[in-house]
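Trainee: Please read through the structure below; I'll follow up with questions.
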Amino acid sequence: MSEGGPGTLVPAPLARGRHGAVVAPHHLATEAGLSILRAGGHAVDAAIATNAALAVVVPSSCGIGGDAFWLIWDAAAREQLALNGSGRAPAAASAAALRSRGLATLPLRGPLSVTVPGAVRSWGDAHARFGRLSRSAVLGPAIELARGGFPAWDGFIAAVERTVPIVGATLGAGAAFEGHYRPHGRAWRPGELVRLPALASTLERLATDGFDAFYDGDLGARQARFLASAGGLHAASDFRGHASTWTDPISTTYRGVLVTTHPPNSSGIVALEILNILEAGEAPSSRAFGPDRGGDGDAVGDAHWIHRSIEAAKLAMADRDTHLTDPEFHDIPVARLLDKGYAAELAARIDTTWASVPGASTNPPGGGTIYLGVVDAEGNAVSLIESNYLGFGSGVVDLETGIHYQNRGSYFSLEEGHANVIAPGKRTLHTLLPGMLFTTDDRPWVVAGSMGGDAQPQVHAQLVSALVDGRLGIRSAVAAPRWYVEPDHHFAPPTVVRAEPRFADGVLETLAAMGHDVRPTAPFDSALGHEHAIELVGGGPGAPDGSVAATTDPRSAGLPAVW
């Protein structure tokens with residue numbers, strides 16, 4: 001697909017099917033998930049298979065040493081569930097003790113940034129409740145990819161080359177990362193087979209002994225010893241004691257469409273707050289979206305609508321920094337933050353002609369995440385986001401198990417009294433958010449989500465607006481020109497607007513004239529997030545005349561898989 005010039009659209013891949021669909025940022029992973037659906041697996045089975053395959057072929061963004069958040073639509077019960085698979089700080093974690101070591105903030109990389117990985121426990125909990133196929137069947141595709149090898153692809157090669165010097169500077173020369181992911185002492189050649197036998201063995205053990213074996217017994221104890229020896233605060237009891245949490249989704253309505261996501265400590269609330277602020281103001285003009293409403297036309301953008309959206313994002317992120325953390329440790333005013341009256345108050349603060357300069361962010365920017373969605377033949381649906389945060393996470397790799405660990409702990413604050421201050425057993429604020437949209441008769445309409453750190457809630461809100469305000473098809477909504485606002489560096493105000501140069505002529509220039517620090521990216525830049533979506537057409541596969549349409553972001557290596 002060619003990039004095209006400003007205002008032009010490179011179509012996202014679109015596939016239509018009758019019985020189910022899988023979307024993810026790599027085609028080998030969607031094929032893994034589709035094979036599970038074809039074998040009669042539940043959407044949860046296919047989601048685990050897809051996630052496990054991504055842990056092999058896209059290790060810069062996810063892995064079994066990371067965290068996950070789920071939305072699950074149970075078609076038979078006609079209810080939606082949320083599953084929190086994020087990890088917790090070790091019991092030995094103490095903000096005062098870390099400050100006494102001379103730290104003002106937690107390190108971005110290294111063992112102190114590692115929380116107990118939560119994803120695998122959530123796989124086990126979801127599989128125990130909904131799974132139909134065996135663990136061996138579900139993990140089989142990922143095991144084959146890890147042991148037999150997968151072709152090195154451009155994104156993998158670039159991520160490894162980008163990360164090697166960072167890890168070397170942080171963890172020292174000879175860190176295990178390079179030997180594990182760059183074993184030839186040179187860059188991978190495109191198409192060269194990448195084999196990860198230690199990871200394959202760990203996945204085989206989970207298939208044989210169960211997902212809980214990751215935390216209990218020898219494997220959990222091994223991980224704790226390894227991390228402690230590297231300088232972490234972990235103990236075997238931190239792994240044994242970790243549990244996922246079943247909970248209820250949170251939601252808002254956007255111009256009559258129900259939008260659901262995962263509650264805090266997920267950043268889903270940020271996306272919902274942005275939508276509420278936008279709904280409280282003037283609707284976008286006809287220039288905000290392409291001419292082919294209801295089809296696959298290009299969404300070209302309107303500078304004034306983008307300006308209001310940027311300002312809404314700044315306001316919502318300020319609330320995130322003030323309130324978002326583990327609700328078991330701190331009261332989060334979810335009802336107030338999602339109140340339409342409160343959104344109207346925030347919308348009234350927006351200067352419609354000039355960019356604001358908000359206060360400094362208290363959370364670090366950046367991201368490294370995958371999003372995947374699944375719909376099965378009965379209409380069950382999964383919206384799942386899993387991550388190890390910055391590219392390859394902490395940079396800490398255990399050569400014996402093949403596990404590389406997240407650095408989500410770097411999001412914790414060391415400031416006394418901060419909502420997100422680190423504490424024993426606490427979950428940190430997460431940028432992650434899965435999403436679903438529902439029709440007025442409470443049926444799933446779209447399963448969607450995005451990777452991209454601070455960009456995630458902003459990208460997701462742009463998708464919802466394109467679908468609802470612009471009435472675009474999912475392919476156009478995903479491929480539309482994209483922007484997001486972020487801090488220029490850690491703990492700076494979020495004022496830098498990253499934007500593709502594909503908007504209509506004059507849009508970015510107008511934003512700059514309104515005081516925005518606009519920094520154009522490359523067209524279809526992966527740093528602008530990967531939003532993937534599945535539409536349940538006519539009620540989806542569970543309905544007599546239903547079908548699915550699936551699209552993956554052209555900024556990714558994904559291809560939709562349907563049958």
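Starting from 1 in every chain, residues are counted up; chains themselves are A, B, ... following the order of the structure tokens, and ligands are numbered from 1 as listed.
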Among segment 226-420 of chain A, which ones does DSSP assign to strand (DSSP E) (computed from the backbone)? Answer as a count of residues only.
Mentor: 31
Trainee: Can I get the residues of segment 16-81 of chain A within 7 Å of segment 546-559 of chain A, each with the closest pair of atoms and their distance in Å to one decimal, using only C-alpha atoms, sorted chain first then ascending number, as a Markdown table?
Mentor:
| residue | atom | partner | partner_atom | distance |
| --- | --- | --- | --- | --- |
| A:Arg16 | CA | A:Ala549 | CA | 4.4 |
| A:Gly17 | CA | A:Val548 | CA | 5.3 |
| A:Arg18 | CA | A:Ser547 | CA | 4.5 |
| A:His19 | CA | A:Ser547 | CA | 6.9 |
| A:Gly20 | CA | A:Val548 | CA | 6.5 |
| A:Ala21 | CA | A:Ala550 | CA | 6.5 |
| A:Val23 | CA | A:Thr552 | CA | 6.0 |
| A:Ala24 | CA | A:Gly558 | CA | 5.7 |
| A:Pro25 | CA | A:Gly558 | CA | 4.0 |
| A:His26 | CA | A:Gly558 | CA | 3.9 |
| A:His27 | CA | A:Gly558 | CA | 4.7 |
Trainee: From the DSSP assignment of the backbone, select every residue of segment 205-359 of chain A that is helix (DSSP H, G or I), and format the answer as an mmCIF file with N, CA and C atoms, in the first residue's frame.
Mentor:
data_model
loop_
_atom_site.group_PDB
_atom_site.id
_atom_site.type_symbol
_atom_site.label_atom_id
_atom_site.label_comp_id
_atom_site.auth_asym_id
_atom_site.auth_seq_id
_atom_site.Cartn_x
_atom_site.Cartn_y
_atom_site.Cartn_z
ATOM 1 N N ARG A 205 5.410 -25.773 29.196
ATOM 2 C CA ARG A 205 5.147 -26.079 30.601
ATOM 3 C C ARG A 205 3.781 -25.556 31.019
ATOM 4 N N LEU A 206 3.408 -24.375 30.547
ATOM 5 C CA LEU A 206 2.079 -23.853 30.864
ATOM 6 C C LEU A 206 0.996 -24.724 30.242
ATOM 7 N N ALA A 207 1.247 -25.226 29.035
ATOM 8 C CA ALA A 207 0.273 -26.105 28.391
ATOM 9 C C ALA A 207 0.091 -27.395 29.178
ATOM 10 N N THR A 208 1.183 -27.907 29.725
ATOM 11 C CA THR A 208 1.136 -29.179 30.444
ATOM 12 C C THR A 208 0.648 -29.017 31.879
ATOM 13 N N ASP A 209 1.223 -28.039 32.599
ATOM 14 C CA ASP A 209 0.979 -27.906 34.041
ATOM 15 C C ASP A 209 -0.112 -26.915 34.394
ATOM 16 N N PHE A 211 -1.856 -22.728 33.503
ATOM 17 C CA PHE A 211 -1.424 -21.331 33.518
ATOM 18 C C PHE A 211 -0.943 -20.892 34.902
ATOM 19 N N ASP A 212 -1.534 -21.463 35.954
ATOM 20 C CA ASP A 212 -1.132 -21.067 37.307
ATOM 21 C C ASP A 212 0.296 -21.487 37.634
ATOM 22 N N ALA A 213 0.853 -22.424 36.854
ATOM 23 C CA ALA A 213 2.236 -22.839 37.090
ATOM 24 C C ALA A 213 3.216 -21.690 36.886
ATOM 25 N N PHE A 214 2.789 -20.662 36.152
ATOM 26 C CA PHE A 214 3.635 -19.485 35.963
ATOM 27 C C PHE A 214 3.929 -18.801 37.299
ATOM 28 N N GLY A 217 4.723 -22.710 42.612
ATOM 29 C CA GLY A 217 5.733 -23.757 42.518
ATOM 30 C C GLY A 217 7.045 -23.262 41.945
ATOM 31 N N ASP A 218 7.723 -24.165 41.212
ATOM 32 C CA ASP A 218 9.101 -23.931 40.793
ATOM 33 C C ASP A 218 9.256 -22.734 39.863
ATOM 34 N N LEU A 219 8.339 -22.576 38.905
ATOM 35 C CA LEU A 219 8.509 -21.510 37.928
ATOM 36 C C LEU A 219 8.345 -20.137 38.577
ATOM 37 N N GLY A 220 7.350 -19.988 39.432
ATOM 38 C CA GLY A 220 7.186 -18.717 40.134
ATOM 39 C C GLY A 220 8.375 -18.417 41.026
ATOM 40 N N ALA A 221 8.865 -19.444 41.743
ATOM 41 C CA ALA A 221 10.025 -19.257 42.611
ATOM 42 C C ALA A 221 11.260 -18.909 41.801
ATOM 43 N N ARG A 222 11.408 -19.551 40.635
ATOM 44 C CA ARG A 222 12.535 -19.250 39.758
ATOM 45 C C ARG A 222 12.501 -17.783 39.321
ATOM 46 N N GLN A 223 11.336 -17.297 38.950
ATOM 47 C CA GLN A 223 11.230 -15.907 38.512
ATOM 48 C C GLN A 223 11.586 -14.944 39.642
ATOM 49 N N ALA A 224 11.097 -15.230 40.835
ATOM 50 C CA ALA A 224 11.382 -14.361 41.972
ATOM 51 C C ALA A 224 12.880 -14.326 42.272
ATOM 52 N N ARG A 225 13.523 -15.499 42.260
ATOM 53 C CA ARG A 225 14.970 -15.545 42.513
ATOM 54 C C ARG A 225 15.735 -14.775 41.446
ATOM 55 N N PHE A 226 15.336 -14.964 40.191
ATOM 56 C CA PHE A 226 16.027 -14.296 39.099
ATOM 57 C C PHE A 226 15.918 -12.782 39.226
ATOM 58 N N LEU A 227 14.692 -12.283 39.455
ATOM 59 C CA LEU A 227 14.503 -10.840 39.548
ATOM 60 C C LEU A 227 15.209 -10.261 40.768
ATOM 61 N N ALA A 228 15.163 -10.973 41.892
ATOM 62 C CA ALA A 228 15.857 -10.501 43.093
ATOM 63 C C ALA A 228 17.363 -10.450 42.863
ATOM 64 N N SER A 229 17.909 -11.460 42.185
ATOM 65 C CA SER A 229 19.348 -11.480 41.914
ATOM 66 C C SER A 229 19.760 -10.353 40.975
ATOM 67 N N ALA A 236 9.048 -15.090 46.132
ATOM 68 C CA ALA A 236 8.160 -16.127 45.595
ATOM 69 C C ALA A 236 6.719 -15.890 46.030
ATOM 70 N N SER A 237 6.527 -15.361 47.227
ATOM 71 C CA SER A 237 5.171 -15.109 47.731
ATOM 72 C C SER A 237 4.450 -14.047 46.909
ATOM 73 N N ASP A 238 5.197 -13.116 46.281
ATOM 74 C CA ASP A 238 4.567 -12.110 45.413
ATOM 75 C C ASP A 238 3.925 -12.776 44.200
ATOM 76 N N PHE A 239 4.600 -13.799 43.671
ATOM 77 C CA PHE A 239 4.047 -14.518 42.521
ATOM 78 C C PHE A 239 2.890 -15.406 42.957
ATOM 79 N N ARG A 240 3.075 -16.173 44.038
ATOM 80 C CA ARG A 240 2.004 -17.081 44.486
ATOM 81 C C ARG A 240 0.746 -16.311 44.853
ATOM 82 N N GLY A 268 -9.198 3.470 30.541
ATOM 83 C CA GLY A 268 -10.457 3.546 29.821
ATOM 84 C C GLY A 268 -11.278 4.762 30.195
ATOM 85 N N ILE A 269 -11.205 5.137 31.469
ATOM 86 C CA ILE A 269 -11.979 6.291 31.938
ATOM 87 C C ILE A 269 -11.545 7.570 31.234
ATOM 88 N N VAL A 270 -10.285 7.637 30.810
ATOM 89 C CA VAL A 270 -9.788 8.830 30.109
ATOM 90 C C VAL A 270 -10.472 8.966 28.757
ATOM 91 N N ALA A 271 -10.592 7.867 28.029
ATOM 92 C CA ALA A 271 -11.270 7.902 26.733
ATOM 93 C C ALA A 271 -12.727 8.312 26.891
ATOM 94 N N LEU A 272 -13.399 7.762 27.902
ATOM 95 C CA LEU A 272 -14.808 8.104 28.105
ATOM 96 C C LEU A 272 -14.968 9.568 28.484
ATOM 97 N N GLU A 273 -14.052 10.091 29.291
ATOM 98 C CA GLU A 273 -14.125 11.497 29.676
ATOM 99 C C GLU A 273 -13.910 12.405 28.463
ATOM 100 N N ILE A 274 -12.961 12.054 27.590
ATOM 101 C CA ILE A 274 -12.755 12.840 26.372
ATOM 102 C C ILE A 274 -14.042 12.889 25.548
ATOM 103 N N LEU A 275 -14.684 11.732 25.378
ATOM 104 C CA LEU A 275 -15.925 11.685 24.595
ATOM 105 C C LEU A 275 -17.022 12.531 25.238
ATOM 106 N N ASN A 276 -17.128 12.493 26.555
ATOM 107 C CA ASN A 276 -18.140 13.300 27.237
ATOM 108 C C ASN A 276 -17.892 14.791 27.027
ATOM 109 N N ILE A 277 -16.627 15.205 27.096
ATOM 110 C CA ILE A 277 -16.297 16.621 26.892
ATOM 111 C C ILE A 277 -16.642 17.040 25.464
ATOM 112 N N LEU A 278 -16.316 16.184 24.505
ATOM 113 C CA LEU A 278 -16.632 16.508 23.109
ATOM 114 C C LEU A 278 -18.131 16.577 22.879
ATOM 115 N N GLU A 279 -18.865 15.658 23.465
ATOM 116 C CA GLU A 279 -20.316 15.650 23.290
ATOM 117 C C GLU A 279 -20.946 16.905 23.879
ATOM 118 N N ALA A 280 -20.333 17.441 24.949
ATOM 119 C CA ALA A 280 -20.895 18.621 25.609
ATOM 120 C C ALA A 280 -20.734 19.889 24.786
ATOM 121 N N SER A 286 -19.087 19.562 8.892
ATOM 122 C CA SER A 286 -19.067 18.605 7.787
ATOM 123 C C SER A 286 -17.659 18.407 7.240
ATOM 124 N N ARG A 287 -16.743 19.355 7.537
ATOM 125 C CA ARG A 287 -15.366 19.225 7.063
ATOM 126 C C ARG A 287 -14.555 18.217 7.879
ATOM 127 N N ALA A 288 -15.094 17.783 9.025
ATOM 128 C CA ALA A 288 -14.321 16.922 9.914
ATOM 129 C C ALA A 288 -14.121 15.530 9.347
ATOM 130 N N ALA A 303 -9.652 21.607 11.544
ATOM 131 C CA ALA A 303 -8.710 22.103 12.552
ATOM 132 C C ALA A 303 -9.406 22.478 13.854
ATOM 133 N N HIS A 304 -10.589 23.067 13.769
ATOM 134 C CA HIS A 304 -11.257 23.513 14.998
ATOM 135 C C HIS A 304 -11.783 22.326 15.807
ATOM 136 N N TRP A 305 -12.246 21.271 15.127
ATOM 137 C CA TRP A 305 -12.669 20.062 15.834
ATOM 138 C C TRP A 305 -11.460 19.366 16.462
ATOM 139 N N ILE A 306 -10.357 19.313 15.731
ATOM 140 C CA ILE A 306 -9.141 18.708 16.285
ATOM 141 C C ILE A 306 -8.659 19.527 17.479
ATOM 142 N N HIS A 307 -8.695 20.849 17.372
ATOM 143 C CA HIS A 307 -8.290 21.706 18.490
ATOM 144 C C HIS A 307 -9.111 21.398 19.740
ATOM 145 N N ARG A 308 -10.418 21.311 19.582
ATOM 146 C CA ARG A 308 -11.265 21.011 20.742
ATOM 147 C C ARG A 308 -10.964 19.621 21.287
ATOM 148 N N SER A 309 -10.669 18.691 20.404
ATOM 149 C CA SER A 309 -10.345 17.332 20.852
ATOM 150 C C SER A 309 -9.025 17.303 21.615
ATOM 151 N N ILE A 310 -8.036 18.047 21.134
ATOM 152 C CA ILE A 310 -6.748 18.126 21.833
ATOM 153 C C ILE A 310 -6.947 18.719 23.223
ATOM 154 N N GLU A 311 -7.719 19.795 23.295
ATOM 155 C CA GLU A 311 -7.948 20.437 24.591
ATOM 156 C C GLU A 311 -8.736 19.525 25.531
ATOM 157 N N ALA A 312 -9.676 18.762 24.993
ATOM 158 C CA ALA A 312 -10.408 17.789 25.816
ATOM 159 C C ALA A 312 -9.458 16.732 26.357
ATOM 160 N N ALA A 313 -8.522 16.282 25.521
ATOM 161 C CA ALA A 313 -7.551 15.285 25.967
ATOM 162 C C ALA A 313 -6.670 15.831 27.077
ATOM 163 N N LYS A 314 -6.242 17.074 26.974
ATOM 164 C CA LYS A 314 -5.430 17.672 28.033
ATOM 165 C C LYS A 314 -6.180 17.672 29.368
ATOM 166 N N LEU A 315 -7.455 18.051 29.323
ATOM 167 C CA LEU A 315 -8.254 18.093 30.544
ATOM 168 C C LEU A 315 -8.436 16.704 31.139
ATOM 169 N N ALA A 316 -8.711 15.721 30.286
ATOM 170 C CA ALA A 316 -8.917 14.358 30.779
ATOM 171 C C ALA A 316 -7.625 13.769 31.329
ATOM 172 N N MET A 317 -6.489 14.061 30.692
ATOM 173 C CA MET A 317 -5.221 13.539 31.190
ATOM 174 C C MET A 317 -4.827 14.183 32.512
ATOM 175 N N ALA A 318 -5.206 15.434 32.717
ATOM 176 C CA ALA A 318 -4.957 16.069 34.011
ATOM 177 C C ALA A 318 -5.727 15.347 35.115
ATOM 178 N N ASP A 319 -6.972 14.969 34.825
ATOM 179 C CA ASP A 319 -7.745 14.187 35.802
ATOM 180 C C ASP A 319 -7.113 12.816 36.017
ATOM 181 N N ARG A 320 -6.602 12.218 34.946
ATOM 182 C CA ARG A 320 -5.899 10.944 35.088
ATOM 183 C C ARG A 320 -4.739 11.070 36.059
ATOM 184 N N ASP A 321 -3.922 12.096 35.876
ATOM 185 C CA ASP A 321 -2.749 12.263 36.732
ATOM 186 C C ASP A 321 -3.131 12.500 38.181
ATOM 187 N N THR A 322 -4.269 13.143 38.388
ATOM 188 C CA THR A 322 -4.711 13.438 39.756
ATOM 189 C C THR A 322 -5.303 12.223 40.444
ATOM 190 N N HIS A 323 -6.040 11.400 39.715
ATOM 191 C CA HIS A 323 -6.871 10.387 40.366
ATOM 192 C C HIS A 323 -6.524 8.936 40.048
ATOM 193 N N VAL A 334 -15.027 7.882 40.126
ATOM 194 C CA VAL A 334 -15.413 7.457 38.781
ATOM 195 C C VAL A 334 -16.731 8.100 38.353
ATOM 196 N N ALA A 335 -17.722 8.095 39.244
ATOM 197 C CA ALA A 335 -19.031 8.642 38.875
ATOM 198 C C ALA A 335 -18.925 10.125 38.523
ATOM 199 N N ARG A 336 -18.146 10.861 39.294
ATOM 200 C CA ARG A 336 -17.991 12.293 38.997
ATOM 201 C C ARG A 336 -17.248 12.502 37.683
ATOM 202 N N LEU A 337 -16.171 11.741 37.457
ATOM 203 C CA LEU A 337 -15.386 11.919 36.243
ATOM 204 C C LEU A 337 -16.191 11.588 34.984
ATOM 205 N N LYS A 340 -22.014 13.752 33.065
ATOM 206 C CA LYS A 340 -22.177 14.629 31.905
ATOM 207 C C LYS A 340 -22.130 16.111 32.311
ATOM 208 N N GLY A 341 -22.623 16.431 33.500
ATOM 209 C CA GLY A 341 -22.549 17.804 33.974
ATOM 210 C C GLY A 341 -21.118 18.249 34.195
ATOM 211 N N TYR A 342 -20.306 17.363 34.758
ATOM 212 C CA TYR A 342 -18.892 17.680 34.947
ATOM 213 C C TYR A 342 -18.218 17.872 33.590
ATOM 214 N N ALA A 343 -18.563 17.036 32.617
ATOM 215 C CA ALA A 343 -17.988 17.188 31.280
ATOM 216 C C ALA A 343 -18.360 18.541 30.681
ATOM 217 N N ALA A 344 -19.588 18.988 30.927
ATOM 218 C CA ALA A 344 -19.997 20.299 30.419
ATOM 219 C C ALA A 344 -19.174 21.407 31.054
ATOM 220 N N GLU A 345 -18.864 21.271 32.352
ATOM 221 C CA GLU A 345 -18.015 22.264 33.018
ATOM 222 C C GLU A 345 -16.631 22.304 32.373
ATOM 223 N N LEU A 346 -16.067 21.136 32.098
ATOM 224 C CA LEU A 346 -14.750 21.089 31.467
ATOM 225 C C LEU A 346 -14.800 21.666 30.058
ATOM 226 N N ALA A 347 -15.839 21.318 29.308
ATOM 227 C CA ALA A 347 -15.959 21.821 27.941
ATOM 228 C C ALA A 347 -16.030 23.346 27.923
ATOM 229 N N ALA A 348 -16.660 23.919 28.932
ATOM 230 C CA ALA A 348 -16.787 25.381 28.995
ATOM 231 C C ALA A 348 -15.445 26.062 29.245
ATOM 232 N N ARG A 349 -14.469 25.318 29.762
ATOM 233 C CA ARG A 349 -13.153 25.901 30.026
ATOM 234 C C ARG A 349 -12.307 26.018 28.757
#
Trainee: Set the distance at 7 Å and use only C-alpha atoms: which residues neighbour Ile422 of chain A once local chain neighbours fewer than 5 positions away are removed? I'd like the list as a list in words.
Mentor: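 Close residues of Ile422 of chain A: Ala93, Ser94, Ala95, Phe412, Ser413 and Leu414 of chain A.
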Trainee: Residues at most 12 Å from His262 of chain A, counting only C-alpha atoms, excluding those fewer than 4 positions away in the same chain, as a PyMOL selection string?
Mentor: chain A and resi 68-72+80-86+245-252+266-272+334+383-385+430-436+449+457
Trainee: Please produce an output containing C-alpha atoms for each residue in the selection, written as a PDB file, in the first residue's frame.
Mentor:
ATOM      1  CA  ALA A  68      -3.513  -7.514  30.326  1.00  0.00           C
ATOM      2  CA  PHE A  69      -6.994  -6.005  30.509  1.00  0.00           C
ATOM      3  CA  TRP A  70     -10.028  -7.807  29.110  1.00  0.00           C
ATOM      4  CA  LEU A  71     -13.596  -7.054  28.081  1.00  0.00           C
ATOM      5  CA  ILE A  72     -15.614 -10.235  27.454  1.00  0.00           C
ATOM      6  CA  GLN A  80     -20.286  -8.053  29.572  1.00  0.00           C
ATOM      7  CA  LEU A  81     -17.482  -8.726  32.029  1.00  0.00           C
ATOM      8  CA  ALA A  82     -14.162  -7.009  32.686  1.00  0.00           C
ATOM      9  CA  LEU A  83     -11.073  -8.916  33.795  1.00  0.00           C
ATOM     10  CA  ASN A  84      -8.104  -7.089  35.301  1.00  0.00           C
ATOM     11  CA  GLY A  85      -4.888  -8.931  34.514  1.00  0.00           C
ATOM     12  CA  SER A  86      -2.479  -6.225  35.645  1.00  0.00           C
ATOM     13  CA  THR A 245      -9.875  -9.431  39.358  1.00  0.00           C
ATOM     14  CA  TRP A 246     -13.265  -9.945  37.735  1.00  0.00           C
ATOM     15  CA  THR A 247     -15.220  -6.699  37.696  1.00  0.00           C
ATOM     16  CA  ASP A 248     -17.840  -4.729  35.779  1.00  0.00           C
ATOM     17  CA  PRO A 249     -17.061  -2.505  32.787  1.00  0.00           C
ATOM     18  CA  ILE A 250     -17.608   1.240  32.953  1.00  0.00           C
ATOM     19  CA  SER A 251     -19.421   3.121  30.212  1.00  0.00           C
ATOM     20  CA  THR A 252     -20.767   6.330  28.810  1.00  0.00           C
ATOM     21  CA  SER A 266      -7.100   1.126  33.274  1.00  0.00           C
ATOM     22  CA  SER A 267      -7.096   4.422  31.340  1.00  0.00           C
ATOM     23  CA  GLY A 268     -10.457   3.546  29.821  1.00  0.00           C
ATOM     24  CA  ILE A 269     -11.979   6.291  31.938  1.00  0.00           C
ATOM     25  CA  VAL A 270      -9.788   8.830  30.109  1.00  0.00           C
ATOM     26  CA  ALA A 271     -11.270   7.902  26.733  1.00  0.00           C
ATOM     27  CA  LEU A 272     -14.808   8.104  28.105  1.00  0.00           C
ATOM     28  CA  VAL A 334     -15.413   7.457  38.781  1.00  0.00           C
ATOM     29  CA  SER A 383     -11.511  -7.018  23.501  1.00  0.00           C
ATOM     30  CA  LEU A 384      -8.038  -7.549  24.964  1.00  0.00           C
ATOM     31  CA  ILE A 385      -5.028  -5.309  25.418  1.00  0.00           C
ATOM     32  CA  HIS A 430      -2.121   1.841  33.309  1.00  0.00           C
ATOM     33  CA  THR A 431      -2.410   3.451  29.895  1.00  0.00           C
ATOM     34  CA  LEU A 432      -4.162   0.304  28.627  1.00  0.00           C
ATOM     35  CA  LEU A 433      -7.831   0.254  27.628  1.00  0.00           C
ATOM     36  CA  PRO A 434      -9.953  -2.256  25.713  1.00  0.00           C
ATOM     37  CA  GLY A 435     -13.195  -1.053  24.164  1.00  0.00           C
ATOM     38  CA  MET A 436     -16.593  -2.080  22.808  1.00  0.00           C
ATOM     39  CA  GLY A 449      -8.993  -0.716  20.910  1.00  0.00           C
ATOM     40  CA  PRO A 457      -7.522   7.053  24.850  1.00  0.00           C
TER      41      PRO A 457
END
Trainee: If we count only C-alpha atoms, what is near Pro544 of chain A at a cut-off of 12 Å, once residues fewer than 6 positions away on the same chain are taken out, given as a ChimeraX atom specification?
Mentor: /A:18-19,377-379,537-538
Trainee: Could you jot down the atom CA of Ala39 of chain A to atom CA of Val374 of chain A separation for me, Å, one decimal place?
Mentor: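 A separation of 14.4 Å between them.
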Trainee: With only C-alpha atoms as the counted atoms, please give the residues lying no more than 6 Å from segment 513-527 of chain A, apart from itself and same-chain residues fewer than 5 positions off, as a list in words.
Mentor: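 The residues satisfying every condition are Trp354, Ala355, Val496, Val497, Arg498, Ala499, Glu500, Pro501 and Arg555 of chain A.
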Trainee: The selected residues should be written to file as an mmCIF file, in the first residue's frame (atoms: C-alpha atoms).
Mentor:
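Saved file out15.cif follows:
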data_model
loop_
_atom_site.group_PDB
_atom_site.id
_atom_site.type_symbol
_atom_site.label_atom_id
_atom_site.label_comp_id
_atom_site.auth_asym_id
_atom_site.auth_seq_id
_atom_site.Cartn_x
_atom_site.Cartn_y
_atom_site.Cartn_z
ATOM 1 C CA TRP A 354 -6.103 29.150 21.461
ATOM 2 C CA ALA A 355 -4.145 26.196 22.854
ATOM 3 C CA VAL A 496 3.349 18.423 21.784
ATOM 4 C CA VAL A 497 0.878 17.467 19.055
ATOM 5 C CA ARG A 498 2.075 14.565 16.920
ATOM 6 C CA ALA A 499 0.089 14.532 13.688
ATOM 7 C CA GLU A 500 0.228 12.805 10.346
ATOM 8 C CA PRO A 501 0.707 15.088 7.320
ATOM 9 C CA ARG A 555 0.288 1.333 10.643
#
Trainee: Please compute the atom CA of Met451 of chain A-atom CA of Glu386 of chain A distance, one decimal, in Å.
Mentor: 8.9 Å
Trainee: May I ask for the distance between atom CA of Ile370 of chain A and atom CA of Leu536 of chain A, given in Å to one decimal place?
Mentor: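 Between these atoms lies a distance of 21.5 Å.
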